[in-house]
$ cat start.cif   # mmCIF, C-alpha atoms
data_structure
loop_
_atom_site.label_atom_id
_atom_site.label_comp_id
_atom_site.auth_asym_id
_atom_site.auth_seq_id
_atom_site.Cartn_x
_atom_site.Cartn_y
_atom_site.Cartn_z
CA GLN A 23 30.14 73.86 106.29
CA VAL A 24 31.76 75.42 109.33
CA LEU A 25 30.12 78.18 111.34
CA GLY A 26 32.34 80.04 113.77
CA GLN A 27 31.37 82.52 116.43
CA PHE A 28 33.82 85.06 117.83
CA ASP A 29 33.46 87.48 120.68
CA LYS A 30 31.89 90.79 119.62
CA LYS A 31 35.16 92.67 120.19
CA ASP A 32 36.95 90.29 117.79
CA ARG A 33 34.48 90.75 114.91
CA ASP A 34 33.51 94.42 114.92
CA ALA A 35 35.48 95.53 111.87
CA PRO A 36 35.97 93.80 108.49
CA MET A 37 39.73 93.96 109.00
CA ASP A 38 39.32 91.67 112.03
CA LEU A 39 39.16 88.78 109.55
CA THR A 40 42.87 89.23 108.86
CA SER A 41 43.72 88.25 112.42
CA MET A 42 41.80 84.96 112.38
CA PHE A 43 43.55 81.64 111.89
CA VAL A 44 42.23 78.30 110.68
CA ARG A 45 43.84 74.87 110.58
CA ASN A 46 44.64 73.17 107.30
CA ARG A 47 44.49 69.39 106.75
CA GLY A 48 47.99 69.07 108.13
CA GLY A 49 46.98 70.80 111.35
CA GLN A 50 48.99 73.97 110.66
CA LEU A 51 47.50 77.37 111.46
CA ILE A 52 46.99 79.57 108.41
CA GLN A 53 45.87 83.16 108.52
CA LEU A 54 42.37 83.40 107.03
CA ASP A 55 43.11 86.33 104.73
CA ASN A 56 45.57 84.06 102.85
CA LEU A 57 42.65 81.86 101.85
CA VAL A 58 39.78 84.23 101.19
CA THR A 59 39.17 87.65 99.72
CA THR A 60 36.81 90.08 101.37
CA GLU A 61 34.58 92.64 99.76
CA GLU A 62 32.69 95.27 101.68
CA GLN A 63 29.11 95.92 100.55
CA SER A 64 26.15 97.70 101.96
CA SER A 65 22.49 96.95 101.60
CA PRO A 66 19.38 98.83 102.64
CA PRO A 67 17.78 97.85 105.94
CA ALA A 68 14.54 97.13 104.05
CA LEU A 69 13.49 96.84 100.41
CA TYR A 70 10.40 98.88 99.59
CA HIS A 71 7.96 98.05 96.81
CA ASN A 72 5.45 100.09 94.85
CA ASN A 73 3.12 98.35 92.38
CA ARG A 74 5.20 95.17 92.84
CA TYR A 75 8.43 96.89 91.78
CA MET A 76 11.36 97.61 94.04
CA SER A 77 11.18 101.31 94.81
CA ALA A 78 12.86 104.21 96.51
CA THR A 79 11.09 107.24 97.94
CA VAL A 80 12.42 110.72 97.24
CA SER A 81 10.97 113.45 99.44
CA ALA A 82 11.44 117.16 98.95
CA SER A 83 10.14 120.42 100.33
CA LEU A 84 9.22 123.44 98.25
CA ALA A 85 11.62 126.36 98.15
CA PRO A 86 10.16 129.65 99.41
CA GLY A 87 7.97 131.28 96.77
CA MET A 88 7.54 128.09 94.70
CA SER A 89 4.18 126.45 94.04
CA MET A 90 3.35 122.76 94.08
CA GLY A 91 3.20 122.81 90.28
CA ASP A 92 6.71 124.35 90.11
CA GLY A 93 8.02 121.59 92.37
CA ILE A 94 6.43 118.82 90.31
CA ASP A 95 7.82 120.36 87.10
CA ALA A 96 11.31 120.50 88.67
CA MET A 97 11.09 116.84 89.69
CA GLU A 98 10.04 115.89 86.14
CA ARG A 99 13.03 117.78 84.67
CA ILE A 100 15.38 116.00 87.08
CA ARG A 101 13.79 112.64 86.26
CA GLU A 102 14.30 113.18 82.53
CA LYS A 103 17.92 114.20 83.06
CA VAL A 104 18.95 111.52 85.58
CA LEU A 105 16.85 108.39 84.94
CA ASP A 106 16.74 106.32 81.77
CA GLU A 107 13.68 104.65 80.25
CA THR A 108 13.97 101.57 82.48
CA PHE A 109 12.82 103.62 85.50
CA THR A 110 9.30 104.77 86.23
CA THR A 111 8.17 107.41 88.68
CA ASP A 112 4.97 107.94 90.60
CA LEU A 113 3.77 110.83 92.72
CA GLY A 114 2.41 110.37 96.20
CA GLY A 115 0.79 112.35 98.96
CA GLU A 116 -0.03 116.01 98.38
CA SER A 117 1.66 116.09 94.96
CA ARG A 118 -0.52 113.23 93.69
CA ASP A 119 -3.62 114.98 95.06
CA PHE A 120 -2.54 118.21 93.34
CA VAL A 121 -2.11 116.56 89.93
CA GLU A 122 -5.40 114.66 90.23
CA SER A 123 -7.36 117.74 91.32
CA SER A 124 -5.75 119.82 88.55
CA SER A 125 -6.86 117.34 85.89
CA ASN A 126 -10.36 117.18 87.41
CA THR A 127 -10.59 120.98 87.43
CA MET A 128 -9.47 121.17 83.79
CA PHE A 129 -12.09 118.54 82.89
CA ALA A 130 -14.81 120.58 84.64
CA PHE A 131 -13.80 123.75 82.73
CA VAL A 132 -13.85 121.87 79.42
CA LEU A 133 -17.26 120.44 80.24
CA ALA A 134 -18.62 123.86 81.23
#

$ encode --input "start.cif" --output "structure tokens"
Amino acid sequence: QVLGQFDKKDRDAPMDLTSMFVRNRGGQLIQLDNLVTTEEQSSPPALYHNNRYMSATVSASLAPGMSMGDGIDAMERIREKVLDETFTTDLGGESRDFVESSSNTMFAFVLA
């Protein structure tokens, strides 16, 4: 295994790899891009988890004149349209409090 270190100015862009040379067994210089293929990928700076599953947080604000219930209903419609059955969703913050208090209120009315 060989680890090389180049000056920052010589390794800023992925295309900088094309200008690097390595020696073969015969001592000849060969341009590195003749030996390897490069693939550009991105990854998140951190992986977040919720209930031990990898997760992503989607935040939204309510449009003027819309209630919290309208916003939650809109998110549910989007979830059904965009995500398949392998994904799960969970509410957080004020929306979770809203749903929990709504169910508690309904329970109190039924009990009364």

$ residues_around --input "start.cif" --residues "range 116-123 of chain A" --least-positions-apart "4" --cutoff "9 Å" --atoms "only C-alpha atoms" --output "MDAnalysis selection string"
chainID A and resid 90:91 93:94 112 127:128

$ write_last_selection --input "start.cif" --atoms "C-alpha atoms" --output "PDB file, in the frame of the given file"
ATOM      1  CA  MET A  90       3.350 122.760  94.080  1.00  0.00           C
ATOM      2  CA  GLY A  91       3.200 122.810  90.280  1.00  0.00           C
ATOM      3  CA  GLY A  93       8.020 121.590  92.370  1.00  0.00           C
ATOM      4  CA  ILE A  94       6.430 118.820  90.310  1.00  0.00           C
ATOM      5  CA  ASP A 112       4.970 107.940  90.600  1.00  0.00           C
ATOM      6  CA  THR A 127     -10.590 120.980  87.430  1.00  0.00           C
ATOM      7  CA  MET A 128      -9.470 121.170  83.790  1.00  0.00           C
TER       8      MET A 128
END

$ closest_residue --input "start.cif" --among "A:Leu113, A:Arg45, A:Asn56, A:Thr40" --to "Ala82 in chain A" --atoms "all atoms listed in the file"
A:Leu113

$ residues_around --input "start.cif" --residues "Leu54 in chain A" --least-positions-apart "4" --cutoff "10 Å" --atoms "all atoms listed in the file" --output "ChimeraX atom specification"
/A:39-45,58-59

$ atom_distance --input "start.cif" --atom1 "CA of Pro66 in chain A" --atom2 "CA of Val80 in chain A"
14.8 Å

$ residues_around --input "start.cif" --residues "Glu61 in chain A" --least-positions-apart "4" --cutoff "12 Å" --atoms "only C-alpha atoms" --output "list in words"
Pro36, Met37, Leu39 and Asp55 of chain A

$ atom_distance --input "start.cif" --atom1 "CA of Met76 in chain A" --atom2 "CA of Ser89 in chain A"
29.7 Å

$ atom_distance --input "start.cif" --atom1 "CA of Glu62 in chain A" --atom2 "CA of Ala35 in chain A"
10.6 Å

$ closest_residue --input "start.cif" --among "A:Ser125, A:Gln53, A:Thr111, A:Ser77" --to "Asp38 in chain A" --atoms "all atoms listed in the file"
A:Gln53
